[in-house]
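The file my_file.csv comes next; it holds CSV, C-alpha atoms and all ligand atoms.
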```
chain,number,residue,atom,x,y,z
A,1,MET,CA,0.0,0.0,0.0
A,2,LEU,CA,1.3,3.5,-0.8
A,3,GLN,CA,1.6,5.8,2.1
A,4,ARG,CA,3.3,8.9,3.3
A,5,SER,CA,6.8,8.1,4.6
A,6,ASN,CA,7.6,8.7,8.3
A,7,ILE,CA,11.3,9.4,8.6
A,8,VAL,CA,12.6,10.7,11.9
A,9,SER,CA,16.2,12.1,11.9
A,10,PRO,CA,18.4,13.3,14.7
A,11,GLU,CA,18.2,17.1,15.0
A,12,GLU,CA,22.0,17.5,14.8
A,13,GLU,CA,22.2,15.7,11.5
A,14,LEU,CA,19.3,17.8,10.1
A,15,GLN,CA,21.1,21.0,11.2
A,16,ASP,CA,24.3,19.9,9.6
A,17,PHE,CA,22.4,19.1,6.4
A,18,TYR,CA,20.7,22.6,6.4
A,19,GLU,CA,24.0,24.3,7.1
A,20,GLU,CA,25.6,22.5,4.1
A,21,LEU,CA,22.7,23.5,1.9
A,22,ARG,CA,22.9,27.1,3.0
A,23,ALA,CA,26.6,27.2,2.0
A,24,GLN,CA,25.5,26.0,-1.5
A,25,HIS,CA,22.8,28.7,-1.7
A,26,VAL,CA,20.0,26.1,-1.6
A,27,THR,CA,17.0,26.3,0.8
A,28,PRO,CA,14.9,23.3,1.9
A,29,ALA,CA,11.3,24.4,1.1
A,30,TRP,CA,9.8,22.5,4.1
A,31,ILE,CA,11.3,24.8,6.7
A,32,SER,CA,10.8,28.1,4.7
A,33,GLY,CA,7.4,29.0,5.9
A,34,GLY,CA,3.9,27.6,5.4
A,35,VAL,CA,1.7,27.8,2.3
A,36,GLY,CA,-0.7,30.8,2.2
A,37,VAL,CA,-4.2,29.8,1.7
A,38,GLU,CA,-5.2,33.2,0.5
A,39,PRO,CA,-3.5,36.6,-0.3
A,40,LYS,CA,-2.4,38.5,2.7
A,41,SER,CA,-1.1,42.0,1.9
A,42,LYS,CA,1.8,43.5,3.7
A,43,ALA,CA,0.1,46.8,3.0
A,44,VAL,CA,-2.4,48.1,5.5
A,45,PRO,CA,-5.6,50.2,4.9
A,46,TYR,CA,-4.6,53.9,5.3
A,47,VAL,CA,-5.8,57.4,4.6
A,48,TRP,CA,-3.8,60.5,3.8
A,49,HIS,CA,-5.7,63.7,4.5
A,50,TRP,CA,-5.6,66.7,2.2
A,51,CYS,CA,-5.3,69.1,5.1
A,52,ASP,CA,-1.9,67.5,5.8
A,53,LEU,CA,-0.8,67.0,2.2
A,54,ARG,CA,-1.5,70.4,0.7
A,55,PRO,CA,0.7,72.5,3.1
A,56,GLN,CA,3.6,70.0,2.6
A,57,ALA,CA,3.2,70.2,-1.2
A,58,MET,CA,3.3,74.0,-1.0
A,59,ARG,CA,6.4,73.7,1.3
A,60,ALA,CA,8.1,71.4,-1.2
A,61,ALA,CA,7.4,74.1,-3.9
A,62,GLN,CA,9.2,76.7,-1.7
A,63,LEU,CA,12.1,74.5,-0.9
A,64,VAL,CA,12.8,72.6,-4.1
A,65,GLY,CA,12.9,73.7,-7.7
A,66,THR,CA,12.1,71.6,-10.8
A,67,GLU,CA,15.7,72.1,-11.9
A,68,GLN,CA,16.7,70.0,-8.9
A,69,ALA,CA,13.7,67.6,-8.8
A,70,GLU,CA,13.0,66.0,-12.1
A,71,ARG,CA,9.4,65.8,-10.7
A,72,ARG,CA,8.4,67.6,-7.5
A,73,VAL,CA,6.5,64.6,-6.1
A,74,LEU,CA,5.5,63.6,-2.6
A,75,ARG,CA,5.2,59.8,-2.4
A,76,LEU,CA,2.5,58.6,-0.1
A,77,HIS,CA,3.9,55.5,1.5
A,78,ASN,CA,2.0,52.8,3.1
A,79,PRO,CA,3.1,52.4,6.8
A,80,GLU,CA,3.8,48.7,6.4
A,81,LEU,CA,5.4,48.6,3.0
A,82,ALA,CA,9.2,48.6,2.7
A,83,GLY,CA,9.3,50.7,-0.5
A,84,SER,CA,7.7,54.2,-0.7
A,85,SER,CA,4.4,53.3,-2.3
A,86,ALA,CA,0.8,53.5,-1.2
A,87,SER,CA,0.0,50.0,-2.3
A,88,ASN,CA,1.8,46.8,-3.4
A,89,THR,CA,2.0,47.5,-7.1
A,90,LEU,CA,0.8,51.1,-7.6
A,91,VAL,CA,2.1,54.4,-6.2
A,92,ALA,CA,-0.2,57.3,-5.4
A,93,ASN,CA,1.8,60.5,-5.3
A,94,ILE,CA,1.1,64.2,-5.1
A,95,GLN,CA,2.8,66.4,-7.7
A,96,ILE,CA,2.9,70.2,-7.7
A,97,VAL,CA,3.9,72.5,-10.5
A,98,MET,CA,4.1,76.2,-9.6
A,99,PRO,CA,3.1,79.1,-11.9
A,100,GLY,CA,5.7,79.6,-14.6
A,101,GLU,CA,7.3,76.2,-14.0
A,102,ILE,CA,7.8,73.3,-16.3
A,103,ALA,CA,8.6,69.7,-15.5
A,104,ARG,CA,10.9,68.6,-18.3
A,105,ALA,CA,10.1,65.9,-20.9
A,106,HIS,CA,11.0,62.2,-20.4
A,107,ARG,CA,9.5,58.8,-20.9
A,108,HIS,CA,9.6,55.5,-19.0
A,109,SER,CA,8.1,52.0,-19.1
A,110,PRO,CA,6.0,52.4,-16.1
A,111,SER,CA,2.5,53.7,-17.1
A,112,ALA,CA,1.1,56.8,-15.4
A,113,LEU,CA,-2.1,58.6,-14.8
A,114,ARG,CA,-2.7,62.1,-13.5
A,115,PHE,CA,-5.9,63.1,-11.7
A,116,ILE,CA,-6.1,66.8,-11.3
A,117,ILE,CA,-6.8,68.1,-7.8
A,118,GLU,CA,-6.2,71.8,-8.0
A,119,GLY,CA,-5.5,74.4,-10.6
A,120,GLN,CA,-7.1,75.3,-13.9
A,121,GLY,CA,-5.3,75.7,-17.2
A,122,GLY,CA,-1.9,74.0,-16.9
A,123,TYR,CA,-1.2,71.3,-19.4
A,124,THR,CA,0.6,68.1,-20.1
A,125,VAL,CA,2.2,67.3,-23.4
A,126,VAL,CA,1.9,63.6,-24.4
A,127,ASN,CA,3.8,62.5,-27.5
A,128,GLY,CA,3.4,66.1,-28.9
A,129,SER,CA,-0.3,66.4,-28.0
A,130,CYS,CA,-1.2,69.2,-25.7
A,131,ILE,CA,-3.7,68.1,-23.0
A,132,PRO,CA,-5.4,70.8,-20.9
A,133,MET,CA,-5.8,70.0,-17.2
A,134,SER,CA,-8.8,70.9,-15.1
A,135,PRO,CA,-9.8,69.7,-11.6
A,136,GLY,CA,-11.3,66.2,-11.7
A,137,ASP,CA,-9.8,65.4,-15.2
A,138,LEU,CA,-8.0,62.2,-15.8
A,139,VAL,CA,-4.9,62.5,-18.0
A,140,LEU,CA,-3.0,59.4,-19.2
A,141,THR,CA,0.7,59.3,-19.9
A,142,PRO,CA,1.0,55.6,-20.9
A,143,ASN,CA,4.0,53.3,-21.1
A,144,TRP,CA,6.9,54.9,-23.0
A,145,THR,CA,5.0,58.0,-24.1
A,146,TRP,CA,7.0,61.3,-24.0
A,147,HIS,CA,5.5,63.6,-21.4
A,148,ASP,CA,6.2,67.0,-19.9
A,149,HIS,CA,4.1,69.3,-17.7
A,150,ALA,CA,3.8,73.1,-17.7
A,151,ASN,CA,1.9,75.6,-15.6
A,152,ASP,CA,1.2,78.8,-17.5
A,153,THR,CA,-1.4,80.0,-15.0
A,154,ASP,CA,-0.9,82.2,-11.9
A,155,ALA,CA,-1.9,79.5,-9.4
A,156,PRO,CA,-0.3,76.2,-8.3
A,157,MET,CA,-1.3,73.0,-10.2
A,158,ILE,CA,-1.5,70.0,-8.0
A,159,TRP,CA,-2.5,66.5,-9.1
A,160,LEU,CA,-2.5,62.9,-8.0
A,161,ASP,CA,0.1,60.7,-9.8
A,162,GLY,CA,-0.7,57.0,-10.2
A,163,LEU,CA,2.0,54.7,-11.6
A,164,ASP,CA,2.8,51.0,-11.7
A,165,THR,CA,6.5,51.6,-10.8
A,166,PRO,CA,6.5,49.0,-7.9
A,167,LEU,CA,5.2,46.3,-10.3
A,168,VAL,CA,7.7,47.2,-13.1
A,169,ARG,CA,10.5,47.3,-10.6
A,170,MET,CA,9.5,43.9,-9.2
A,171,LEU,CA,9.5,42.6,-12.8
A,172,GLU,CA,12.9,44.2,-13.4
A,173,ALA,CA,11.5,45.7,-16.6
A,174,GLY,CA,11.9,49.4,-16.2
A,175,PHE,CA,13.5,51.7,-18.9
A,176,TYR,CA,13.8,55.5,-18.7
A,177,GLU,CA,14.9,58.1,-21.2
A,178,GLN,CA,15.4,61.8,-21.1
A,179,TYR,CA,14.0,63.9,-24.0
A,180,GLY,CA,16.6,65.9,-26.0
A,181,GLU,CA,15.0,69.2,-25.1
A,182,GLU,CA,13.4,70.5,-22.0
A,183,ALA,CA,9.9,70.4,-23.6
A,184,GLN,CA,8.4,68.7,-26.6
A,185,PRO,CA,7.3,70.7,-29.6
A,186,VAL,CA,3.5,70.9,-29.4
A,187,GLY,CA,1.7,69.5,-32.4
A,188,GLU,CA,-1.4,70.8,-34.3
A,189,GLY,CA,-4.8,71.0,-32.7
A,190,ALA,CA,-6.2,71.4,-29.2
A,191,ASP,CA,-6.4,68.2,-27.2
A,192,PRO,CA,-6.1,65.9,-30.3
A,193,SER,CA,-6.7,62.6,-28.6
A,194,MET,CA,-9.9,64.0,-27.2
A,195,ALA,CA,-10.9,65.3,-30.7
A,196,LYS,CA,-10.3,61.9,-32.3
A,197,TYR,CA,-11.4,59.4,-29.6
A,198,GLY,CA,-13.3,61.5,-27.0
A,199,ALA,CA,-16.8,60.7,-28.4
A,200,GLY,CA,-16.6,57.0,-27.7
A,201,GLY,CA,-18.0,54.6,-30.3
A,202,LEU,CA,-16.5,56.7,-33.1
A,203,ARG,CA,-13.0,56.8,-34.4
A,204,PRO,CA,-11.2,58.5,-37.3
A,205,ALA,CA,-11.6,56.2,-40.3
A,206,TRP,CA,-8.9,57.8,-42.5
A,207,GLU,CA,-6.1,56.4,-40.3
A,208,PRO,CA,-5.6,52.9,-39.0
A,209,ALA,CA,-6.7,52.1,-35.4
A,210,PRO,CA,-3.7,52.5,-33.0
A,211,THR,CA,-2.2,49.1,-32.1
A,212,ALA,CA,-0.8,50.1,-28.7
A,213,ARG,CA,-2.6,48.2,-25.9
A,214,TYR,CA,-3.2,51.5,-24.0
A,215,SER,CA,-6.1,53.8,-24.7
A,216,PRO,CA,-5.6,56.2,-27.6
A,217,LEU,CA,-7.7,58.7,-25.5
A,218,TRP,CA,-5.5,60.5,-23.0
A,219,HIS,CA,-7.9,62.9,-21.6
A,220,TYR,CA,-11.1,62.1,-19.7
A,221,PRO,CA,-12.7,65.3,-18.5
A,222,LEU,CA,-14.6,65.3,-15.3
A,223,SER,CA,-17.6,67.1,-16.9
A,224,GLN,CA,-18.3,64.0,-19.1
A,225,ALA,CA,-17.9,61.4,-16.3
A,226,ARG,CA,-19.9,63.5,-13.9
A,227,ALA,CA,-22.8,64.0,-16.3
A,228,THR,CA,-23.0,60.2,-17.0
A,229,LEU,CA,-22.8,59.4,-13.2
A,230,GLU,CA,-25.6,61.9,-12.4
A,231,ARG,CA,-27.8,60.6,-15.3
A,232,LEU,CA,-27.4,57.0,-14.0
A,233,ALA,CA,-27.9,58.0,-10.4
A,234,ALA,CA,-31.2,59.6,-11.3
A,235,GLU,CA,-32.3,56.2,-12.7
A,236,GLU,CA,-31.3,54.6,-9.3
A,237,VAL,CA,-29.1,52.0,-10.9
A,238,GLY,CA,-25.6,50.8,-9.8
A,239,SER,CA,-23.7,48.3,-7.9
A,240,PRO,CA,-24.6,47.3,-4.4
A,241,PHE,CA,-20.9,47.3,-3.5
A,242,ASP,CA,-19.8,50.6,-5.2
A,243,GLY,CA,-22.9,52.6,-6.0
A,244,VAL,CA,-22.9,54.1,-9.5
A,245,ILE,CA,-19.4,53.3,-10.8
A,246,LEU,CA,-17.9,53.8,-14.2
A,247,GLU,CA,-14.7,52.5,-15.7
A,248,TYR,CA,-12.6,54.8,-17.9
A,249,THR,CA,-12.1,52.5,-20.9
A,250,ASN,CA,-9.9,52.3,-24.0
A,251,PRO,CA,-12.6,53.4,-26.5
A,252,LEU,CA,-11.2,51.0,-29.1
A,253,THR,CA,-11.5,47.8,-27.0
A,254,GLY,CA,-13.7,48.6,-24.1
A,255,GLY,CA,-10.9,47.3,-21.9
A,256,PRO,CA,-8.9,49.1,-19.2
A,257,ALA,CA,-7.3,52.5,-19.9
A,258,MET,CA,-3.8,51.0,-19.6
A,259,PRO,CA,-2.7,47.3,-19.6
A,260,THR,CA,-1.6,47.5,-16.0
A,261,ILE,CA,-4.0,50.0,-14.5
A,262,ALA,CA,-7.8,50.3,-14.5
A,263,CYS,CA,-9.4,53.6,-13.5
A,264,TYR,CA,-12.9,54.2,-12.1
A,265,ILE,CA,-15.1,57.0,-10.9
A,266,GLN,CA,-18.1,56.4,-8.7
A,267,LEU,CA,-20.9,58.3,-7.1
A,268,LEU,CA,-22.3,57.4,-3.6
A,269,GLN,CA,-25.6,59.0,-2.8
A,270,PRO,CA,-26.1,60.9,0.5
A,271,GLY,CA,-26.6,58.3,3.2
A,272,GLU,CA,-25.6,55.4,1.0
A,273,HIS,CA,-23.9,52.5,2.8
A,274,THR,CA,-22.6,49.9,0.3
A,275,GLN,CA,-22.4,46.2,0.8
A,276,THR,CA,-19.0,44.6,1.6
A,277,HIS,CA,-16.8,42.8,-0.9
A,278,ARG,CA,-13.1,42.2,-1.7
A,279,GLN,CA,-11.1,41.6,-4.8
A,280,VAL,CA,-7.7,40.3,-5.8
A,281,CYS,CA,-6.3,43.8,-6.7
A,282,CYS,CA,-5.0,46.7,-4.7
A,283,THR,CA,-6.9,50.0,-5.1
A,284,ASN,CA,-6.0,53.6,-4.4
A,285,TYR,CA,-8.9,56.1,-3.9
A,286,HIS,CA,-9.0,59.8,-4.3
A,287,VAL,CA,-12.0,61.7,-2.9
A,288,ILE,CA,-13.0,64.2,-5.6
A,289,ALA,CA,-15.7,65.6,-3.3
A,290,GLY,CA,-17.8,64.4,-0.5
A,291,SER,CA,-17.4,63.2,3.1
A,292,GLY,CA,-17.8,59.8,4.7
A,293,TYR,CA,-15.8,56.8,5.6
A,294,SER,CA,-14.8,53.4,4.4
A,295,LEU,CA,-14.5,50.3,6.5
A,296,VAL,CA,-11.5,48.5,5.2
A,297,GLY,CA,-10.3,45.2,6.8
A,298,GLY,CA,-11.9,46.3,10.1
A,299,ARG,CA,-10.4,49.8,10.1
A,300,GLN,CA,-12.4,52.9,9.7
A,301,LEU,CA,-10.9,55.4,7.2
A,302,ASP,CA,-12.6,58.8,7.5
A,303,TRP,CA,-12.4,60.8,4.4
A,304,GLU,CA,-13.4,64.1,2.9
A,305,ASP,CA,-12.7,66.3,-0.1
A,306,LYS,CA,-9.3,65.5,-1.8
A,307,ASP,CA,-8.1,62.8,0.7
A,308,VAL,CA,-6.4,59.7,-0.6
A,309,PHE,CA,-6.8,56.2,0.8
A,310,THR,CA,-5.7,52.7,0.0
A,311,VAL,CA,-7.4,49.3,0.1
A,312,PRO,CA,-4.9,46.4,0.0
A,313,THR,CA,-5.7,43.3,-2.0
A,314,TRP,CA,-8.2,40.8,-0.8
A,315,THR,CA,-9.4,43.1,2.0
A,316,PHE,CA,-13.1,43.4,2.7
A,317,HIS,CA,-14.3,47.0,2.3
A,318,GLU,CA,-17.5,49.0,2.3
A,319,HIS,CA,-18.2,52.8,1.7
A,320,VAL,CA,-20.4,55.1,3.6
A,321,ASN,CA,-21.4,58.6,2.4
A,322,THR,CA,-22.3,60.5,5.7
A,323,GLY,CA,-22.6,63.9,4.0
A,324,SER,CA,-25.6,65.6,2.5
A,325,ARG,CA,-24.1,65.8,-1.0
A,326,PRO,CA,-23.2,63.1,-3.4
A,327,ALA,CA,-19.7,61.7,-2.9
A,328,PHE,CA,-17.5,61.3,-5.9
A,329,LEU,CA,-14.5,58.9,-5.7
A,330,PHE,CA,-11.8,58.3,-8.3
A,331,SER,CA,-9.9,55.0,-8.0
A,332,PHE,CA,-7.3,53.0,-9.8
A,333,THR,CA,-6.3,49.3,-9.4
A,334,ASP,CA,-4.0,46.7,-10.7
A,335,ALA,CA,-7.0,44.4,-11.6
A,336,PRO,CA,-6.0,44.3,-15.4
A,337,VAL,CA,-2.7,42.6,-14.3
A,338,MET,CA,-4.6,40.0,-12.2
A,339,LYS,CA,-7.1,39.4,-15.0
A,340,ALA,CA,-4.4,39.0,-17.6
A,341,LEU,CA,-2.7,36.3,-15.5
A,342,ASP,CA,-6.0,34.6,-14.5
A,343,LEU,CA,-5.4,35.6,-10.8
A,344,TYR,CA,-8.4,37.8,-10.3
A,345,ARG,CA,-11.2,36.9,-7.9
A,346,GLU,CA,-13.8,38.8,-6.1
A,347,GLU,CA,-16.3,37.8,-3.4
A,348,ALA,CA,-19.1,39.4,-1.3
A,349,GLN,CA,-18.9,39.1,2.4
A,350,GLY,CA,-21.2,36.5,4.0
B,1,FE,FE,7.2,60.7,-15.9
```
Written as structure tokens, that's how I'd like the structure from this file.
Ligand SMILES: [Fe+2]
Amino acid sequence: MLQRSNIVSPEEELQDFYEELRAQHVTPAWISGGVGVEPKSKAVPYVWHWCDLRPQAMRAAQLVGTEQAERRVLRLHNPELAGSSASNTLVANIQIVMPGEIARAHRHSPSALRFIIEGQGGYTVVNGSCIPMSPGDLVLTPNWTWHDHANDTDAPMIWLDGLDTPLVRMLEAGFYEQYGEEAQPVGEGADPSMAKYGAGGLRPAWEPAPTARYSPLWHYPLSQARATLERLAAEEVGSPFDGVILEYTNPLTGGPAMPTIACYIQLLQPGEHTQTHRQVCCTNYHVIAGSGYSLVGGRQLDWEDKDVFTVPTWTFHEHVNTGSRPAFLFSFTDAPVMKALDLYREEAQG
């Protein structure tokens, strides 16, 4: 009869064996920790409050120039993660560009998004296309696209940067290149990606569809997203877990905005308390407007306008709008990575 073997060895002989293995850079798997039955993030649920972040961004703008800092960025780091990132695979950072400043042109393999928090009228140039930035707008600077930022207004421009740098670093796949000039020449037309792809369901037929996996649309104005959210909210539709939630899609495929990052915007009605669920993906949230709290893995994260909070992977969470106005949340996740690798799951509590 076949059965599991029951070998008992003297401890001294085992330790000698392990010592020998160590010297040969070999590790016995049976003493290297147990098997995890489900994902357990090192990251913890955490909220960064705008009332703390904004003064520090302004201070950074006084103390450090964009000559010295390639990007004047404050990284929000999760208290339990070794690297300086808000979540396991995605950073959530605050970037500030002061009146008259530019942040010079470069490109890199990590994909990036900008969600505008403050300032009206600065712009980002992506592969020669000039993209205006208004509060609540989402701007993409996808994988290996040239990008530079400029503030030609008389007030600070502050935005949330979301990038997949921790993922790309872990995969040891990162490239970076400086542009030959400080800024790219700006091509013809105002907001060209918006002009060509911003209507959804329609694309220019005189040129071939772009083959890049990221969205050819690089500007998603808040006005459009907000109008759609409010129209659907009036019809009282939506998800029991997220209220009225919309994904910013690649208009050519209906897929995520970028291969590694999915972006969402949601509306929670005054008094709404969502049901609890969890997914295999980490999510960073930015409160566009509203006040309330989220219960995340047993912790209460209180939030209001412009705060940022993080929900680690496979952590139960629910959202509560305690205010008298609708709450609008922007969020971005690494779900496309999990889905591409057949690792994605989600489940409701109970
Ligand atoms: Fe960059």
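One finds atom CA of A:Thr145 at 19.9 Å from atom CA of A:Val97.
Atom CA of A:Trp48 lies 24.4 Å from atom CA of A:Val168.
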Return as a Markdown table the residues of chain A lying at most 8 Å from ligand FE 1 (chain B), together with the closest atom-to-atom pair for each and the distance in Å to one decimal, counting all atoms listed in the file, with rows in chain order and ascending residue number.
```
| residue | atom | partner | partner_atom | distance |
| --- | --- | --- | --- | --- |
| A:Arg71 | CA | B:FE1 | FE | 7.6 |
| A:Ala105 | CA | B:FE1 | FE | 7.8 |
| A:His106 | CA | B:FE1 | FE | 6.1 |
| A:Arg107 | CA | B:FE1 | FE | 5.8 |
| A:His108 | CA | B:FE1 | FE | 6.5 |
| A:Ala112 | CA | B:FE1 | FE | 7.3 |
| A:Thr141 | CA | B:FE1 | FE | 7.8 |
| A:His147 | CA | B:FE1 | FE | 6.4 |
| A:Asp148 | CA | B:FE1 | FE | 7.5 |
```
Can you write just those residues out, C-alpha atoms, as a PDB file, keeping the file's coordinate frame?
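Done, and the output landed in selection.pdb:
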```
ATOM      1  CA  ARG A  71       9.400  65.800 -10.700  1.00  0.00           C
ATOM      2  CA  ALA A 105      10.100  65.900 -20.900  1.00  0.00           C
ATOM      3  CA  HIS A 106      11.000  62.200 -20.400  1.00  0.00           C
ATOM      4  CA  ARG A 107       9.500  58.800 -20.900  1.00  0.00           C
ATOM      5  CA  HIS A 108       9.600  55.500 -19.000  1.00  0.00           C
ATOM      6  CA  ALA A 112       1.100  56.800 -15.400  1.00  0.00           C
ATOM      7  CA  THR A 141       0.700  59.300 -19.900  1.00  0.00           C
ATOM      8  CA  HIS A 147       5.500  63.600 -21.400  1.00  0.00           C
ATOM      9  CA  ASP A 148       6.200  67.000 -19.900  1.00  0.00           C
TER      10      ASP A 148
END
```
Work out how far apart atom CA of A:Glu80 and atom CA of A:Ala43 are and give it in Å to one decimal.
5.4 Å
As a VMD selection string, please: the residues near A:Leu295 (cut-off 6 Å, all atoms listed in the file, same-chain neighbours under 3 positions excluded).
chain A and resid 298 to 300 317 to 318
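Neighbours of stretch 64-68 of chain A closer than or equal to 8 Å, with all atoms listed in the file counted and sequence neighbours fewer than 5 positions away skipped, come out as Glu101, Ile102 and Ala103 of chain A.
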Counting all atoms listed in the file, which residue out of A:Ala327, A:Leu343, A:Cys281, A:Met170 sits closest to A:Trp303?
A:Ala327
Closest of A:Ile158, A:Pro259, A:Gln24, A:Val186 to A:Pro55 - atom-to-atom distances counting all atoms listed in the file:
A:Ile158
